[in-house]
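S.K.: Handing you a structure now.
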Amino acid sequence: MARGKNDEIGMRIAELRDICGFTMEEMADALGISVETYAAYEQSGEDIPIGVIFRIANKCGVDFTEIITGAGGKLDTFQVVRSGEGLEISRKPGYSYQDLAFRYGQKIMQPSLVTLGPAELELNTHEGQEFDYVVSGCMKLYIDDREIILSAGDSVYLNPTHPHGFTAVGGEVTFLAVISE
């Protein structure tokens, strides 16, 4: 039976953890999640938040793209990504990601074009900093106890260690997310 893309991500995460010499407990602790949740990520590779994949990549000293695709970026001068040619990443229902720097190695930030349709709100946290720019549509940002409406042309720079998440308002929304960890 052929393995799915999510299964392969789970396998890569398990192999990477093993190569780096971490136990499941150590990795779960470093990520701030339960061992059961982490074990499920390794088992199926499903519904792993992008922020968790970033943290695993950083903890193990590999590029985010290497976990997603199995091959790391090689470019170190520049990479041009033409409209619609970002690397498609499907992580969870309602979200579509395009990695806009998938061939560039040793990135210190991760730019992604995110399309958000009807999806359940999921608050998450991660290290670093985050910048989000609404390209089209309208979305609601939830951060701490606040709700903020963002429309096309609006942006937010935030401290992602605070619980935050987005929902589409009135239809699909597309936004540029740049995360550094």
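Identifiers in this document derive from the order of the structure tokens: chains are assigned A, B, ..., residues are numbered from 1 separately in each chain, and ligands are numbered from 1 in order of occurrence.
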List as a tab-separated table every residue of segment 116-139 of chain A that is in contact with segment 87-102 of chain A, defined as an atom at most 8 Å from one of its atoms (using only C-alpha atoms), together with the nearest atom pair and the distance in Å rounded to one decimal, sorted by chain and then rising number.
M.R.:
residue	atom	partner	partner_atom	distance
A:Leu116	CA	A:Tyr95	CA	4.8
A:Gly117	CA	A:Gly94	CA	4.9
A:Pro118	CA	A:Gly94	CA	5.5
A:Ala119	CA	A:Gly94	CA	4.7
A:Glu120	CA	A:Gly94	CA	8.0
S.K.: Could you dump the residues just selected with C-alpha atoms as a PDB file, in the first residue's frame?
M.R.:
ATOM      1  CA  LEU A 116      -8.066  30.061   4.355  1.00  0.00           C
ATOM      2  CA  GLY A 117     -11.578  28.846   3.711  1.00  0.00           C
ATOM      3  CA  PRO A 118     -14.145  27.618   6.195  1.00  0.00           C
ATOM      4  CA  ALA A 119     -12.115  26.076   8.985  1.00  0.00           C
ATOM      5  CA  GLU A 120     -12.365  25.582  12.706  1.00  0.00           C
TER       6      GLU A 120
END
S.K.: Please provide as a ChimeraX atom specification all residues within 8 Å of Ile108 of chain A, with the sequence filter that same-chain residues fewer than 2 positions apart are discarded (counting only C-alpha atoms).
M.R.: /A:106,110,180-181
S.K.: Can you spit out the residues from that selection as a PDB file, in the first residue's frame, using N, CA, C and O atoms?
M.R.:
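Output contents, as saved in again_28.pdb:
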ATOM      1  N   GLN A 106      18.759  27.131   4.424  1.00  0.00           N
ATOM      2  CA  GLN A 106      19.182  27.855   5.636  1.00  0.00           C
ATOM      3  C   GLN A 106      18.430  29.168   5.837  1.00  0.00           C
ATOM      4  O   GLN A 106      19.010  30.200   6.156  1.00  0.00           O
ATOM      5  N   GLN A 110      10.263  32.077   7.134  1.00  0.00           N
ATOM      6  CA  GLN A 110       9.502  31.211   6.231  1.00  0.00           C
ATOM      7  C   GLN A 110       8.340  32.001   5.651  1.00  0.00           C
ATOM      8  O   GLN A 110       7.373  32.274   6.352  1.00  0.00           O
ATOM      9  N   SER A 180       9.453  33.895  11.448  1.00  0.00           N
ATOM     10  CA  SER A 180      10.851  33.620  11.783  1.00  0.00           C
ATOM     11  C   SER A 180      10.859  32.984  13.159  1.00  0.00           C
ATOM     12  O   SER A 180      10.081  33.356  14.027  1.00  0.00           O
ATOM     13  N   GLU A 181      11.676  31.991  13.303  1.00  0.00           N
ATOM     14  CA  GLU A 181      11.774  31.318  14.603  1.00  0.00           C
ATOM     15  C   GLU A 181      13.213  31.201  15.000  1.00  0.00           C
ATOM     16  O   GLU A 181      14.084  31.082  14.208  1.00  0.00           O
TER      17      GLU A 181
END
S.K.: Can you pull out every residue within 8 Å of Val178 of chain A, counting only C-alpha atoms, but drop anything in the same chain fewer than 2 positions away, and send it as a PDB file with C-alpha atoms, in the first residue's frame?
M.R.:
ATOM      1  CA  MET A 109      12.223  33.206   7.979  1.00  0.00           C
ATOM      2  CA  GLN A 110       9.502  31.211   6.231  1.00  0.00           C
ATOM      3  CA  PRO A 111       7.277  33.060   3.739  1.00  0.00           C
ATOM      4  CA  SER A 112       4.023  31.317   2.847  1.00  0.00           C
ATOM      5  CA  GLU A 130       5.208  36.631  12.681  1.00  0.00           C
ATOM      6  CA  PHE A 131       4.043  39.050  10.001  1.00  0.00           C
ATOM      7  CA  ASP A 132       0.752  38.554   8.128  1.00  0.00           C
ATOM      8  CA  LEU A 176       1.054  36.309   3.163  1.00  0.00           C
ATOM      9  CA  SER A 180      10.851  33.620  11.783  1.00  0.00           C
TER      10      SER A 180
END
S.K.: Check the smallest atom-to-atom distance from each of A:Val80, A:Cys20, A:Ile149, A:Ile48 to Val62 of chain A using only C-alpha atoms, then report the winner.
M.R.: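 Of the candidates, the smallest distance to Val62 of chain A is held by A:Cys20.
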S.K.: To one decimal place, how far is atom CA of Leu113 of chain A from atom CA of Ile50 of chain A in Å?
M.R.: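 Atom CA of Leu113 of chain A sits 12.6 Å away from atom CA of Ile50 of chain A.
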S.K.: Between atom CA of Leu31 of chain A and atom CA of Tyr133 of chain A, what is the spacing in Å?
M.R.: 26.4 Å
